[in-house]
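Take a look at the structure set out below.
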Amino acid sequence: MITHIDLNAVLRRTVCDLFSDLVTRPTGVAVRGALERQLANSRGPLLTIIDFSNVGLLDFSCADEIVAKLLLHYCTPRMNGGPTPMMRTDANTPHPHTVREIYFLLSGVGDSHLDAIEAVLERHGLASVARDHTGAVMLLGTVDDQERLAWKTMYELGRAAPADLAQAAGFDLQETLALLDTLCGRGLAMRFDEAYVAVGAMQ
């Protein structure tokens with residue numbers, strides 16, 4: 001299931017219909033609250049396209065409130081530049097993906113948005129898939145070389161089984177399975193039955 005959210009429309013509906021810039025932290029808090037309410041009743045897996053196409057400026061405080069804090073709720077950060085924590089399986093502290101599988105694609109990202117998004121993702125050890133106005137897709141934030149190669153190979157393959165991804169990327173199967181768990185936990189790949197798809201490859 002795919003849902004599309006126009007950030008400019010959310011801004012106009014929740015804060016003010018007179019401007020298109022996402023600036024100041026209170027604005028970011030209000031917009032994120034509206035997004036969370038919209039996602040609250042969703043059932044996964046759900047790909048949510050957050051569209052920046054009609055947004056003018058994006059400052060760091062709004063990027064932190066809207067992008068970083070939304071991803072922190074659903075995705076696993078890489079802590080202090082180290083490895084991504086393993087998913088928790090105990091009943092008292094479920095990983096977000098065991099509750100609701102929601103993945104994000106940042107669309108329509110331009111020069112007026114990129115610096116702020118990159119900065120807040122790196123600050124929190126997060127990563128996301130973004131698409132610019134030309135349709136080009138890229139990884140933003142904190143991503144190591146193996147994660148980047150696995151995501152890129154999966155993107156090129158389309159829907160891929162672990163064995164196919166391992167062969168194409170030059171990883172062994174156990175290494176590939178671990179990378180797929182990490183990519184899914186970080187919101188960069190989605191699992192469908194026994195195959196995986198890179199976020200950004202399906203829209």
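Every chain in the structure tokens has a letter given in the order shown (A, B, ...), and although residue numbers restart at 1 in each chain, ligands are simply numbered from 1 in the order shown.
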
(request) For stretch 115-130 of chain A, work out the shell of residues within 7 Å, counting only C-alpha atoms and skipping chain neighbours fewer than 3 positions away, then give it as a PyMOL selection string. (result) chain A and resi 58-60+63-64+68+77-81+105-107+109+137-143+186+188+199-200

Written file, previous selection with N, CA, C and O atoms, as an mmCIF file, in the first residue's frame:
```cif
data_model
loop_
_atom_site.group_PDB
_atom_site.id
_atom_site.type_symbol
_atom_site.label_atom_id
_atom_site.label_comp_id
_atom_site.auth_asym_id
_atom_site.auth_seq_id
_atom_site.Cartn_x
_atom_site.Cartn_y
_atom_site.Cartn_z
ATOM 1 N N LEU A 58 13.156 24.980 3.900
ATOM 2 C CA LEU A 58 13.065 24.052 5.024
ATOM 3 C C LEU A 58 14.215 24.360 5.957
ATOM 4 O O LEU A 58 15.387 24.212 5.573
ATOM 5 N N ASP A 59 13.912 24.806 7.179
ATOM 6 C CA ASP A 59 15.015 25.092 8.096
ATOM 7 C C ASP A 59 15.340 23.865 8.936
ATOM 8 O O ASP A 59 14.658 22.834 8.876
ATOM 9 N N PHE A 60 16.419 23.958 9.719
ATOM 10 C CA PHE A 60 16.905 22.800 10.463
ATOM 11 C C PHE A 60 15.916 22.354 11.539
ATOM 12 O O PHE A 60 15.762 21.162 11.784
ATOM 13 N N ALA A 63 13.140 20.431 9.816
ATOM 14 C CA ALA A 63 13.662 19.147 9.352
ATOM 15 C C ALA A 63 13.818 18.182 10.521
ATOM 16 O O ALA A 63 13.519 16.986 10.406
ATOM 17 N N ASP A 64 14.255 18.694 11.652
ATOM 18 C CA ASP A 64 14.420 17.864 12.841
ATOM 19 C C ASP A 64 13.068 17.358 13.333
ATOM 20 O O ASP A 64 12.906 16.169 13.632
ATOM 21 N N ALA A 68 13.408 13.913 11.075
ATOM 22 C CA ALA A 68 14.148 13.104 12.034
ATOM 23 C C ALA A 68 13.242 12.453 13.076
ATOM 24 O O ALA A 68 13.334 11.246 13.325
ATOM 25 N N PRO A 77 17.906 3.839 14.466
ATOM 26 C CA PRO A 77 19.065 4.686 14.194
ATOM 27 C C PRO A 77 20.372 3.919 14.341
ATOM 28 O O PRO A 77 20.426 2.869 14.976
ATOM 29 N N ARG A 78 21.413 4.427 13.735
ATOM 30 C CA ARG A 78 22.767 3.910 13.959
ATOM 31 C C ARG A 78 23.363 4.744 15.076
ATOM 32 O O ARG A 78 23.535 5.956 14.928
ATOM 33 N N MET A 79 23.673 4.117 16.184
ATOM 34 C CA MET A 79 24.045 4.859 17.380
ATOM 35 C C MET A 79 25.518 5.264 17.373
ATOM 36 O O MET A 79 26.407 4.420 17.233
ATOM 37 N N ASN A 80 25.753 6.572 17.486
ATOM 38 C CA ASN A 80 27.110 7.109 17.630
ATOM 39 C C ASN A 80 28.060 6.618 16.552
ATOM 40 O O ASN A 80 29.241 6.385 16.804
ATOM 41 N N GLY A 81 27.541 6.417 15.357
ATOM 42 C CA GLY A 81 28.389 5.975 14.261
ATOM 43 C C GLY A 81 28.708 4.500 14.300
ATOM 44 O O GLY A 81 29.393 3.979 13.430
ATOM 45 N N LEU A 105 9.535 7.557 1.831
ATOM 46 C CA LEU A 105 10.292 8.065 0.694
ATOM 47 C C LEU A 105 10.101 9.574 0.680
ATOM 48 O O LEU A 105 8.962 10.060 0.620
ATOM 49 N N LEU A 106 11.202 10.313 0.762
ATOM 50 C CA LEU A 106 11.144 11.776 0.712
ATOM 51 C C LEU A 106 11.202 12.189 -0.754
ATOM 52 O O LEU A 106 12.214 11.961 -1.416
ATOM 53 N N SER A 107 10.123 12.767 -1.251
ATOM 54 C CA SER A 107 10.032 13.066 -2.678
ATOM 55 C C SER A 107 10.060 14.573 -2.923
ATOM 56 O O SER A 107 9.717 15.368 -2.053
ATOM 57 N N VAL A 109 12.608 16.457 -3.226
ATOM 58 C CA VAL A 109 13.642 17.109 -2.404
ATOM 59 C C VAL A 109 14.555 17.938 -3.300
ATOM 60 O O VAL A 109 15.142 17.438 -4.266
ATOM 61 N N VAL A 137 16.884 8.964 -7.507
ATOM 62 C CA VAL A 137 16.719 8.465 -6.145
ATOM 63 C C VAL A 137 18.088 8.339 -5.490
ATOM 64 O O VAL A 137 19.058 7.915 -6.131
ATOM 65 N N MET A 138 18.173 8.704 -4.206
ATOM 66 C CA MET A 138 19.456 8.701 -3.489
ATOM 67 C C MET A 138 19.247 8.329 -2.031
ATOM 68 O O MET A 138 18.142 8.437 -1.502
ATOM 69 N N LEU A 139 20.322 7.851 -1.415
ATOM 70 C CA LEU A 139 20.319 7.614 0.021
ATOM 71 C C LEU A 139 20.881 8.840 0.721
ATOM 72 O O LEU A 139 21.915 9.371 0.323
ATOM 73 N N LEU A 140 20.224 9.268 1.797
ATOM 74 C CA LEU A 140 20.690 10.390 2.604
ATOM 75 C C LEU A 140 20.943 9.920 4.023
ATOM 76 O O LEU A 140 20.331 8.962 4.490
ATOM 77 N N GLY A 141 21.831 10.620 4.716
ATOM 78 C CA GLY A 141 22.068 10.323 6.128
ATOM 79 C C GLY A 141 23.243 9.405 6.352
ATOM 80 O O GLY A 141 24.197 9.368 5.566
ATOM 81 N N THR A 142 23.172 8.649 7.435
ATOM 82 C CA THR A 142 24.266 7.790 7.875
ATOM 83 C C THR A 142 24.090 6.391 7.317
ATOM 84 O O THR A 142 23.234 5.622 7.767
ATOM 85 N N VAL A 143 24.902 6.047 6.321
ATOM 86 C CA VAL A 143 24.829 4.749 5.667
ATOM 87 C C VAL A 143 26.258 4.267 5.438
ATOM 88 O O VAL A 143 27.091 5.002 4.892
ATOM 89 N N ARG A 186 16.039 -0.045 9.293
ATOM 90 C CA ARG A 186 16.340 1.375 9.100
ATOM 91 C C ARG A 186 15.375 2.048 8.131
ATOM 92 O O ARG A 186 15.512 3.233 7.839
ATOM 93 N N LEU A 188 14.925 1.334 4.894
ATOM 94 C CA LEU A 188 15.489 1.500 3.554
ATOM 95 C C LEU A 188 15.090 0.388 2.604
ATOM 96 O O LEU A 188 15.343 0.481 1.393
ATOM 97 N N VAL A 199 13.359 0.596 -0.838
ATOM 98 C CA VAL A 199 12.483 1.759 -0.825
ATOM 99 C C VAL A 199 12.973 2.708 -1.923
ATOM 100 O O VAL A 199 14.165 2.978 -2.048
ATOM 101 N N GLY A 200 12.060 3.197 -2.733
ATOM 102 C CA GLY A 200 12.405 4.024 -3.864
ATOM 103 C C GLY A 200 12.293 3.286 -5.176
ATOM 104 O O GLY A 200 12.152 3.899 -6.234
#
```

(request) For stretch 26-35 of chain A, work out the shell of residues within 9 Å, counting only C-alpha atoms and skipping chain neighbours fewer than 2 positions away, then give it as an NGL selection string. (result) :A and (5 or 7 or 10-11 or 14-15 or 22-24 or 37-40 or 61-67 or 69-70)

(message) Can you pull out every residue from stretch 62-190 of chain A that DSSP, working from the backbone, puts in helix (DSSP H, G or I), and format the result as an MDAnalysis selection string?
(response) chainID A and resid 62:74 79:81 96:99 111:124 145:157 162:169 173:185

Take the residues just selected and output them with C-alpha atoms as a compact mmCIF listing (two decimals), in the first residue's frame.
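The file below, out-v5.txt, is the result:
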```
# COMPACT_ATOMS: atom_id res chain seq x y z
CA CYS A 62 11.50 21.84 10.91
CA ALA A 63 13.66 19.15 9.35
CA ASP A 64 14.42 17.86 12.84
CA GLU A 65 10.77 17.87 13.93
CA ILE A 66 9.26 16.51 10.72
CA VAL A 67 11.89 14.22 9.20
CA ALA A 68 14.15 13.10 12.03
CA LYS A 69 11.54 12.65 14.76
CA LEU A 70 9.16 10.87 12.40
CA LEU A 71 11.90 8.44 11.37
CA LEU A 72 13.01 7.97 14.98
CA HIS A 73 9.51 6.72 15.78
CA TYR A 74 9.52 4.07 13.04
CA MET A 79 24.05 4.86 17.38
CA ASN A 80 27.11 7.11 17.63
CA GLY A 81 28.39 5.97 14.26
CA PRO A 96 8.37 -0.26 15.84
CA HIS A 97 8.22 -2.59 12.83
CA THR A 98 6.65 -5.34 14.94
CA VAL A 99 3.78 -2.94 15.63
CA ASP A 111 18.50 22.26 -2.90
CA SER A 112 16.45 24.32 -0.43
CA HIS A 113 15.68 21.15 1.57
CA LEU A 114 18.75 18.95 1.19
CA ASP A 115 21.22 20.53 3.63
CA ALA A 116 18.75 20.57 6.52
CA ILE A 117 17.58 16.99 5.91
CA GLU A 118 21.13 15.63 5.62
CA ALA A 119 22.22 17.44 8.78
CA VAL A 120 19.41 16.15 11.01
CA LEU A 121 19.65 12.59 9.67
CA GLU A 122 23.38 12.48 10.39
CA ARG A 123 22.90 14.02 13.83
CA HIS A 124 20.51 11.22 14.82
CA ASP A 145 29.48 1.12 2.42
CA GLN A 146 27.92 -2.34 2.74
CA GLU A 147 24.45 -0.95 3.35
CA ARG A 148 24.81 1.39 0.38
CA LEU A 149 25.98 -1.40 -1.93
CA ALA A 150 23.20 -3.76 -0.79
CA TRP A 151 20.54 -1.07 -1.23
CA LYS A 152 21.88 0.00 -4.66
CA THR A 153 22.05 -3.61 -5.89
CA MET A 154 18.53 -4.32 -4.63
CA TYR A 155 17.26 -1.14 -6.28
CA GLU A 156 18.74 -2.25 -9.60
CA LEU A 157 17.37 -5.78 -9.29
CA PRO A 162 18.34 -12.92 -0.56
CA ALA A 163 20.28 -15.44 -2.65
CA ASP A 164 19.94 -13.28 -5.77
CA LEU A 165 21.06 -10.19 -3.90
CA ALA A 166 24.02 -12.03 -2.39
CA GLN A 167 25.19 -13.19 -5.80
CA ALA A 168 24.76 -9.80 -7.46
CA ALA A 169 26.46 -7.84 -4.65
CA LEU A 173 24.20 -15.44 2.19
CA GLN A 174 24.44 -14.95 5.97
CA GLU A 175 26.00 -11.52 5.48
CA THR A 176 23.18 -10.64 3.07
CA LEU A 177 20.46 -11.76 5.48
CA ALA A 178 21.98 -9.60 8.23
CA LEU A 179 22.18 -6.62 5.87
CA LEU A 180 18.56 -7.09 4.82
CA ASP A 181 17.46 -7.10 8.46
CA THR A 182 19.41 -3.88 8.99
CA LEU A 183 18.03 -2.19 5.87
CA CYS A 184 14.46 -3.11 6.77
CA GLY A 185 14.94 -1.92 10.35
```

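Rounded to one decimal, atom CA of A:Phe104 and atom CA of A:Thr48 lie 4.9 Å from each other.
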
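Between A:Thr76 and the residues A:Ile50, A:Gly187, A:Ile2, A:Glu194, the shortest atom-to-atom distance, using only C-alpha atoms, involves A:Gly187.
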
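Between atom CA of A:Cys75 and atom CA of A:Arg159 the separation is 21.3 Å.
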
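The nearest approach to A:Ala198 among the residues A:Asp6, A:Asn54, A:Tyr103, A:Phe171, with only C-alpha atoms taken into account, belongs to A:Tyr103.
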
(message) So the first atom is atom CA of A:Leu18 and the second is atom CA of A:Asp51; what is the distance between them in Å, to one decimal place?
(response) 18.6 Å
